[in-house]
file work-v6.cif (mmCIF, C-alpha atoms)
data_run
#
loop_
_atom_site.label_atom_id
_atom_site.label_comp_id
_atom_site.auth_asym_id
_atom_site.auth_seq_id
_atom_site.Cartn_x
_atom_site.Cartn_y
_atom_site.Cartn_z
CA MET A 25 -60.78 46.67 86.03
CA ALA A 26 -58.15 44.00 85.36
CA GLY A 27 -58.95 40.57 84.09
CA LYS A 28 -57.18 37.43 82.89
CA LEU A 29 -57.65 35.44 79.68
CA ARG A 30 -56.40 31.96 79.44
CA VAL A 31 -56.10 30.09 76.11
CA GLY A 32 -55.52 26.38 76.09
CA PHE A 33 -54.80 23.75 73.43
CA PHE A 34 -55.56 20.16 73.60
CA GLN A 35 -52.27 18.30 73.10
CA ALA A 36 -53.96 15.54 71.15
CA ASP A 37 -55.39 18.06 68.69
CA VAL A 38 -51.99 19.72 68.18
CA GLN A 39 -50.26 16.42 67.59
CA ALA A 40 -52.97 15.39 65.18
CA ALA A 41 -52.55 18.61 63.22
CA ILE A 42 -48.79 18.20 63.12
CA ALA A 43 -49.12 14.60 62.06
CA GLU A 44 -51.49 15.63 59.29
CA LYS A 45 -49.04 18.26 57.98
CA VAL A 46 -46.11 15.86 58.19
CA GLY A 47 -48.15 13.26 56.36
CA ARG A 48 -48.87 15.69 53.56
CA VAL A 49 -45.20 16.65 53.27
CA GLN A 50 -44.20 12.99 53.25
CA GLY A 51 -46.74 12.31 50.54
CA ILE A 52 -45.38 15.13 48.43
CA VAL A 53 -41.78 13.96 49.01
CA LEU A 54 -42.67 10.39 48.14
CA LEU A 55 -44.52 11.53 45.02
CA VAL A 56 -41.60 13.66 43.89
CA ALA A 57 -39.18 10.85 44.68
CA GLY A 58 -41.32 8.36 42.78
CA ILE A 59 -41.58 10.61 39.76
CA SER A 60 -37.84 11.32 39.90
CA LEU A 61 -37.11 7.60 40.13
CA VAL A 62 -39.33 6.83 37.16
CA LEU A 63 -37.74 9.63 35.13
CA ALA A 64 -34.27 8.48 36.14
CA ILE A 65 -35.07 4.91 35.09
CA LEU A 66 -36.46 6.13 31.78
CA ALA A 67 -33.42 8.36 31.21
CA THR A 68 -31.12 5.46 32.10
CA LEU A 69 -32.94 3.19 29.67
CA VAL A 70 -32.71 5.81 26.93
CA MET A 71 -29.00 6.37 27.57
CA ALA A 72 -28.36 2.65 27.79
CA THR A 73 -30.15 2.16 24.48
CA GLN A 74 -28.11 4.96 22.89
CA ILE A 75 -24.92 3.31 24.11
CA THR A 76 -25.77 -0.33 23.53
CA ARG A 77 -27.34 0.17 20.08
CA PRO A 78 -24.04 1.31 18.47
CA LEU A 79 -22.24 -1.46 20.34
CA HIS A 80 -24.70 -4.00 18.99
CA LEU A 81 -24.23 -2.56 15.51
CA LEU A 82 -20.45 -2.83 15.91
CA ALA A 83 -20.76 -6.41 17.13
CA ASP A 84 -23.05 -7.31 14.21
CA GLY A 85 -20.66 -5.59 11.81
CA ALA A 86 -17.67 -7.45 13.22
CA LYS A 87 -19.57 -10.73 12.85
CA ALA A 88 -20.49 -9.84 9.25
CA ILE A 89 -16.87 -9.12 8.40
CA GLY A 90 -15.84 -12.34 10.10
CA ASP A 91 -18.33 -14.12 7.84
CA GLY A 92 -16.65 -12.59 4.79
CA ASN A 93 -18.97 -9.66 4.06
CA LEU A 94 -16.31 -6.98 3.60
CA ASP A 95 -18.80 -4.44 2.26
CA THR A 96 -20.19 -3.95 5.77
CA GLN A 97 -20.52 -0.32 6.90
CA ILE A 98 -21.96 1.00 10.17
CA TYR A 99 -23.88 4.27 10.58
CA VAL A 100 -24.71 5.43 14.13
CA GLY A 101 -25.39 9.12 13.50
CA ARG A 102 -23.22 10.32 16.39
CA GLU A 103 -20.15 12.50 16.73
CA ASP A 104 -18.94 11.32 20.14
CA GLU A 105 -16.50 8.53 20.98
CA LEU A 106 -18.91 5.88 19.72
CA GLY A 107 -19.31 7.76 16.46
CA PHE A 108 -15.52 7.93 16.14
CA LEU A 109 -15.30 4.20 16.86
CA ALA A 110 -17.90 3.47 14.16
CA HIS A 111 -15.97 5.65 11.68
CA GLU A 112 -12.74 3.81 12.40
CA PHE A 113 -14.59 0.51 12.02
CA ASN A 114 -15.77 1.59 8.57
CA VAL A 115 -12.24 2.64 7.60
CA MET A 116 -10.97 -0.75 8.78
CA ALA A 117 -13.64 -2.53 6.70
CA VAL A 118 -12.63 -0.58 3.58
CA LYS A 119 -8.96 -1.39 4.11
CA LEU A 120 -9.77 -5.06 4.67
CA LYS A 121 -11.69 -5.10 1.39
CA GLU A 122 -8.77 -3.44 -0.39
CA LEU A 123 -6.37 -5.99 1.09
CA ASP A 124 -8.67 -8.81 0.02
CA GLN A 125 -8.74 -7.42 -3.51
CA LEU A 126 -4.96 -7.04 -3.48
CA LYS A 127 -4.65 -10.63 -2.33
CA ASP A 128 -6.83 -11.83 -5.19
CA GLU A 129 -4.90 -9.72 -7.69
CA PHE A 130 -1.60 -10.93 -6.30
CA VAL A 131 -2.65 -14.58 -6.44
CA SER A 132 -3.77 -14.03 -10.03
CA SER A 133 -0.47 -12.35 -10.91
CA VAL A 134 1.59 -15.02 -9.18
CA SER A 135 -0.37 -17.74 -10.95
CA HIS A 136 0.30 -16.09 -14.28
CA GLU A 137 3.97 -15.43 -13.52
CA LEU A 138 4.51 -19.05 -12.51
CA ARG A 139 2.22 -20.81 -14.96
CA SER A 140 3.46 -19.18 -18.18
CA PRO A 141 7.21 -19.90 -17.84
CA LEU A 142 6.60 -23.32 -16.31
CA ALA A 143 4.30 -24.23 -19.20
CA ALA A 144 6.94 -23.08 -21.68
CA ILE A 145 9.68 -25.05 -19.95
CA SER A 146 7.51 -28.16 -19.67
CA GLY A 147 6.39 -27.96 -23.29
CA TYR A 148 9.85 -27.61 -24.78
CA VAL A 149 11.39 -30.22 -22.48
CA GLU A 150 8.65 -32.64 -23.52
CA LEU A 151 9.31 -31.80 -27.18
CA MET A 152 13.01 -32.47 -26.80
CA THR A 153 12.52 -35.78 -25.00
CA ARG A 154 10.36 -37.30 -27.72
CA LYS A 155 13.39 -38.05 -29.88
CA PRO A 156 17.19 -37.91 -29.53
CA LEU A 157 18.64 -34.40 -29.62
CA GLU A 158 20.68 -35.10 -32.75
CA GLN A 159 17.45 -35.78 -34.64
CA ILE A 160 16.03 -32.37 -33.74
CA PRO A 161 16.98 -29.56 -36.16
CA VAL A 162 19.54 -27.13 -34.79
CA GLU A 163 17.15 -24.20 -35.18
CA LYS A 164 14.48 -25.88 -33.05
CA ARG A 165 17.02 -26.89 -30.41
CA THR A 166 18.40 -23.36 -30.23
CA LYS A 167 14.91 -21.89 -29.97
CA ALA A 168 13.91 -24.41 -27.30
CA PHE A 169 17.00 -23.80 -25.16
CA SER A 170 16.57 -20.03 -25.54
CA ILE A 171 12.94 -20.15 -24.40
CA ILE A 172 13.79 -22.47 -21.49
CA LEU A 173 16.58 -20.10 -20.42
CA ASP A 174 14.34 -17.02 -20.69
CA SER A 175 11.57 -18.75 -18.74
CA THR A 176 14.02 -19.84 -16.04
CA ASN A 177 15.39 -16.31 -15.74
CA ARG A 178 11.85 -14.97 -15.49
CA LEU A 179 11.04 -17.36 -12.67
CA THR A 180 14.28 -16.52 -10.91
CA GLN A 181 13.60 -12.79 -11.14
CA PHE A 182 10.08 -13.23 -9.85
CA ILE A 183 11.26 -15.28 -6.87
CA ASN A 184 13.94 -12.68 -6.14
CA ASP A 185 11.26 -9.96 -6.16
CA ILE A 186 9.18 -11.93 -3.68
CA LEU A 187 12.22 -12.40 -1.42
CA ASP A 188 13.12 -8.70 -1.67
CA LEU A 189 9.55 -7.79 -0.80
CA ALA A 190 9.64 -10.09 2.22
CA LYS A 191 12.82 -8.36 3.42
CA LEU A 192 11.24 -4.95 2.97
CA LYS A 193 8.15 -6.01 4.88
CA ALA A 194 10.34 -7.33 7.69
CA GLY A 195 12.35 -4.09 7.68
CA ARG A 196 15.63 -5.84 6.88
CA VAL A 197 17.34 -4.40 3.79
CA ASP A 198 20.93 -5.42 3.11
CA VAL A 199 22.90 -2.51 1.64
CA ARG A 200 26.49 -3.18 0.55
CA LYS A 201 27.96 0.24 -0.08
CA THR A 202 30.86 0.80 -2.45
CA SER A 203 32.09 3.72 -4.54
CA PHE A 204 29.38 4.18 -7.13
CA ARG A 205 29.09 6.38 -10.24
CA ILE A 206 25.48 7.06 -11.14
CA ALA A 207 26.21 8.34 -14.68
CA LYS A 208 27.89 5.04 -15.59
CA ALA A 209 24.95 3.06 -14.22
CA LEU A 210 22.49 5.14 -16.26
CA GLU A 211 24.58 4.71 -19.40
CA ASP A 212 24.87 0.94 -18.93
CA THR A 213 21.12 0.60 -18.39
CA LEU A 214 20.32 2.64 -21.49
CA ASN A 215 22.70 0.51 -23.56
CA LEU A 216 21.01 -2.61 -22.18
CA PHE A 217 17.62 -1.38 -23.39
CA GLN A 218 18.87 -0.06 -26.74
CA PRO A 219 17.78 -3.11 -28.79
CA LEU A 220 14.30 -2.89 -27.28
CA LEU A 221 14.14 0.85 -27.94
CA GLU A 222 15.07 0.27 -31.58
CA LYS A 223 12.39 -2.40 -31.83
CA LYS A 224 9.73 0.20 -30.90
CA ASN A 225 11.45 2.99 -32.82
CA MET A 226 12.01 4.84 -29.56
CA LYS A 227 14.75 7.34 -28.80
CA GLY A 228 16.85 7.00 -25.65
CA THR A 229 18.71 10.04 -24.34
CA LEU A 230 21.26 10.33 -21.54
CA LEU A 231 21.71 13.82 -20.05
CA ALA A 232 23.67 12.99 -16.90
CA ALA A 233 27.05 14.69 -16.73
CA ALA A 234 30.02 12.36 -16.57
CA ASP A 235 31.69 14.44 -13.81
CA LEU A 236 28.98 13.86 -11.18
CA PRO A 237 30.46 13.08 -7.74
CA SER A 238 31.06 9.47 -6.79
CA LEU A 239 28.48 8.14 -4.33
CA SER A 240 28.57 5.57 -1.56
CA ALA A 241 25.83 3.15 -2.57
CA ASP A 242 25.00 -0.46 -3.33
CA ASP A 243 25.82 -0.74 -7.04
CA GLU A 244 23.61 -3.77 -7.70
CA LYS A 245 20.57 -2.44 -5.87
CA ILE A 246 20.68 1.06 -7.38
CA ARG A 247 21.02 -0.50 -10.83
CA GLN A 248 17.97 -2.59 -9.95
CA VAL A 249 16.03 0.62 -9.21
CA ILE A 250 17.14 2.23 -12.48
CA THR A 251 16.34 -0.90 -14.50
CA ASN A 252 12.87 -1.08 -12.99
CA LEU A 253 12.12 2.57 -13.79
CA VAL A 254 13.46 2.29 -17.34
CA SER A 255 11.52 -0.94 -17.88
CA ASN A 256 8.29 0.74 -16.79
CA ALA A 257 9.01 3.76 -19.00
CA TYR A 258 9.63 1.49 -21.98
CA LYS A 259 6.56 -0.63 -21.30
CA PHE A 260 4.14 2.30 -21.10
CA THR A 261 5.51 4.40 -23.96
CA PRO A 262 4.05 3.88 -27.45
CA GLU A 263 6.19 3.41 -30.55
CA GLY A 264 8.16 6.46 -31.59
CA GLY A 265 8.34 7.83 -28.06
CA THR A 266 11.29 9.20 -26.12
CA LEU A 267 12.97 7.98 -22.96
CA THR A 268 15.32 10.34 -21.09
CA LEU A 269 17.71 9.52 -18.24
CA ASP A 270 19.23 12.33 -16.24
CA ALA A 271 21.12 12.98 -13.00
CA LYS A 272 21.92 16.31 -11.36
CA ASP A 273 24.00 17.46 -8.41
CA THR A 274 21.54 19.37 -6.19
CA GLY A 275 23.99 20.10 -3.37
CA ALA A 276 23.30 17.66 -0.56
CA ASP A 277 22.42 14.82 -2.93
CA VAL A 278 22.24 13.64 -6.53
CA GLN A 279 18.79 13.62 -8.12
CA VAL A 280 18.15 10.96 -10.76
CA SER A 281 15.21 11.07 -13.16
CA VAL A 282 13.74 8.71 -15.74
CA SER A 283 11.27 10.42 -18.09
CA ASP A 284 9.07 9.09 -20.86
CA THR A 285 6.50 10.37 -23.32
CA GLY A 286 4.08 7.55 -22.57
CA ILE A 287 0.45 7.29 -21.59
CA GLY A 288 0.93 8.94 -18.20
CA ILE A 289 -0.65 8.21 -14.84
CA PRO A 290 -3.94 9.60 -13.48
CA LYS A 291 -3.37 12.19 -10.74
CA GLU A 292 -5.48 10.30 -8.21
CA PHE A 293 -3.26 7.24 -8.53
CA ILE A 294 0.14 8.94 -8.13
CA GLY A 295 0.04 8.53 -4.35
CA HIS A 296 -0.48 4.75 -4.61
CA LEU A 297 2.30 3.95 -7.09
CA PHE A 298 4.77 2.67 -4.52
CA GLU A 299 2.34 0.49 -2.59
CA ARG A 300 2.80 -3.27 -2.81
CA PHE A 301 0.80 -5.02 -5.55
CA LYS A 302 -0.61 -1.72 -6.82
CA GLN A 303 -0.93 -1.23 -10.58
CA VAL A 304 -2.44 1.65 -12.53
CA PRO A 305 -5.90 0.55 -13.71
CA GLY A 306 -6.35 0.19 -17.46
CA THR A 307 -2.67 0.33 -18.45
CA ARG A 308 -2.55 -3.29 -19.52
CA GLN A 309 -5.63 -2.82 -21.71
CA THR A 310 -4.08 0.31 -23.23
CA MET A 311 -0.55 -0.95 -23.85
CA GLY A 312 -1.05 -4.73 -23.89
CA GLY A 313 1.64 -7.14 -22.75
CA PRO A 314 1.77 -9.42 -19.72
CA LYS A 315 0.37 -8.31 -16.41
CA GLY A 316 2.98 -7.39 -13.81
CA THR A 317 2.91 -8.18 -10.12
CA GLY A 318 3.08 -4.61 -8.83
CA LEU A 319 6.22 -5.30 -6.80
CA GLY A 320 8.90 -3.36 -8.69
CA LEU A 321 8.15 0.16 -7.48
CA ALA A 322 7.58 -0.97 -3.90
CA ILE A 323 11.01 -2.65 -3.96
CA ALA A 324 12.58 0.43 -5.59
CA LYS A 325 11.14 2.63 -2.83
CA GLY A 326 12.57 0.37 -0.13
CA ILE A 327 16.03 0.37 -1.73
CA VAL A 328 16.15 4.15 -2.19
CA GLU A 329 14.97 4.82 1.36
CA ALA A 330 17.51 2.32 2.72
CA HIS A 331 20.17 4.57 1.12
CA GLY A 332 18.72 7.64 2.85
CA GLY A 333 17.07 9.00 -0.29
CA ARG A 334 13.51 9.43 -1.45
CA ILE A 335 11.55 8.53 -4.58
CA TRP A 336 8.49 10.10 -6.20
CA ALA A 337 6.74 10.55 -9.54
CA GLU A 338 5.21 13.35 -11.58
CA SER A 339 2.89 12.66 -14.47
CA GLU A 340 0.31 14.07 -16.83
CA PRO A 341 -2.03 11.65 -18.62
CA GLY A 342 -1.29 11.51 -22.32
CA LYS A 343 2.01 13.41 -22.01
CA GLY A 344 4.27 11.12 -20.03
CA THR A 345 5.71 10.40 -16.62
CA THR A 346 8.92 11.23 -14.77
CA PHE A 347 10.21 9.22 -11.83
CA PHE A 348 12.71 10.89 -9.53
CA PHE A 349 14.88 9.53 -6.76
CA THR A 350 17.69 11.03 -4.73
CA LEU A 351 20.88 9.60 -3.27
CA PRO A 352 22.86 11.47 -0.59
CA LYS A 353 26.38 12.52 -1.53
CA ALA A 354 27.58 12.01 2.05
CA THR A 355 29.14 8.65 2.86
CA SER A 356 27.11 8.31 6.06
CA LEU A 357 24.96 5.26 6.66
CA ALA A 358 21.35 5.03 5.55
CA THR A 359 18.71 6.85 7.53
CA ASP A 360 16.63 3.67 7.68
CA PRO A 361 17.43 2.20 11.14
CA ASN A 362 16.52 -1.29 9.90
CA ALA A 363 18.91 -1.26 6.96
CA ARG A 364 22.00 -3.42 7.43
CA ILE A 365 25.05 -1.69 5.98
CA PHE A 366 28.10 -3.55 4.67
CA ASN A 367 30.79 -1.04 3.70
#

call {"tool": "encode", "arguments": {"input": "work-v6.cif", "output": "structure tokens"}}
result
Amino acid sequence: MAGKLRVGFFQADVQAAIAEKVGRVQGIVLLVAGISLVLAILATLVMATQITRPLHLLADGAKAIGDGNLDTQIYVGREDELGFLAHEFNVMAVKLKELDQLKDEFVSSVSHELRSPLAAISGYVELMTRKPLEQIPVEKRTKAFSIILDSTNRLTQFINDILDLAKLKAGRVDVRKTSFRIAKALEDTLNLFQPLLEKKNMKGTLLAAADLPSLSADDEKIRQVITNLVSNAYKFTPEGGTLTLDAKDTGADVQVSVSDTGIGIPKEFIGHLFERFKQVPGTRQTMGGPKGTGLGLAIAKGIVEAHGGRIWAESEPGKGTTFFFTLPKATSLATDPNARIFN
């Protein structure tokens, strides 16, 4: 027997059920979205803090340095770009402090270099103006004129060093090349220092062969380099020491050396010898004498490099120091593009 079954739904009930399900889904979505938004805001705040904190530290550090606190260092504890920036900031602060110290040392040296000869000149001029010259004993007049001349020469040399340094800093070195014999220049310099060597009972030796090839170089400037190196060797070698000048043909160039048996230079300072205003700590206390300005070796380096050569030093504390520099045998112009050549 066949029958029929009919099932019906009330539309209102179906829609209500659907609406209830949709409402639940919307609630879940809104909850998840709200939680995600809160987490995103928190994450953004954390990231912003991580970024802005180092920036604030950098800003505070820059302000501190601007206020003169050159000991400022920044530590952010990161190895990303901000960490690299903080590291470079610290390096900059150290270099600024070093420059500030160099400035103070240079001002002190300049003050000494200017004050001492000027005081000598002023004192002896005042002495000689108190009475007519003919009433001053010849010995005193001779001594006064000698000291005035020495002081004037000292001032002139110091001013020339400052001008040379300014040219080096500007990258403009005038090189007037002529035919130049290095052995003759070494011999002349050693003869110039012979009275001083005898005064300290030092021995001066020249090993350079007389038949070394003639070079194309600025005679005056290369002699200035040699004189500076010999002067340093003499200054930092105790009585009874030895000073040796040598030059060798190495093929492409001639290598010149000035050796002494002096107090030597600490290994950690060798790399700073040719920097402007740099002086080896403690040498003045050890050897005595007036404090230099730390310009000579920087000027020597500029001159040698303007000729296309190089200069360096080797030393062992307590056993002596040797300065080397090379000069090319070729007559080509200097490798320094800023050097002005006058052949």

call {"tool": "atom_distance", "arguments": {"input": "work-v6.cif", "atom1": "atom CA of Val118 of chain A", "atom2": "atom CA of Glu292 of chain A"}}
result
17.6 Å

call {"tool": "closest_residue", "arguments": {"input": "work-v6.cif", "among": "A:Val278, A:Ser203, A:Gly47, A:Lys245", "to": "Gly326 of chain A", "atoms": "all atoms listed in the file"}}
result
A:Lys245

call {"tool": "residues_around", "arguments": {"input": "work-v6.cif", "residues": "segment 170-180 of chain A", "least_positions_apart": "5", "cutoff": "8 Å", "atoms": "only C-alpha atoms", "output": "list in words"}}
result
Glu137, Leu138, Pro141, Leu142, Ala144, Ile145 and Tyr148 of chain A

call {"tool": "closest_residue", "arguments": {"input": "work-v6.cif", "among": "A:Ile98, A:Ile52, A:Leu157, A:Ala72", "to": "Asp84 of chain A", "atoms": "all atoms listed in the file"}}
result
A:Ile98

call {"tool": "residues_around", "arguments": {"input": "work-v6.cif", "residues": "Leu269 of chain A", "least_positions_apart": "4", "cutoff": "10 Å", "atoms": "all atoms listed in the file", "output": "MDAnalysis selection string"}}
result
chainID A and resid 207 210:211 213:214 228:232 250 253:254 280:284 346:347

call {"tool": "closest_residue", "arguments": {"input": "work-v6.cif", "among": "A:Met226, A:Ala143, A:Ala117, A:Leu239", "to": "Ala88 of chain A", "atoms": "all atoms listed in the file"}}
result
A:Ala117

call {"tool": "resolve_selection", "arguments": {"input": "work-v6.cif", "expression": "the PyMOL selection byres ((chain A and resi 120) around 12)", "output": "list in words"}}
result
Ala86, Ile89, Gly90, Gly92, Asn93, Leu94, Asp95, Thr96, Gln97, Phe113, Asn114, Val115, Met116, Ala117, Val118, Lys119, Lys121, Glu122, Leu123, Asp124, Gln125, Leu126 and Lys127 of chain A

call {"tool": "atom_distance", "arguments": {"input": "work-v6.cif", "atom1": "atom CA of Glu340 of chain A", "atom2": "atom CA of Lys223 of chain A"}}
result
25.3 Å
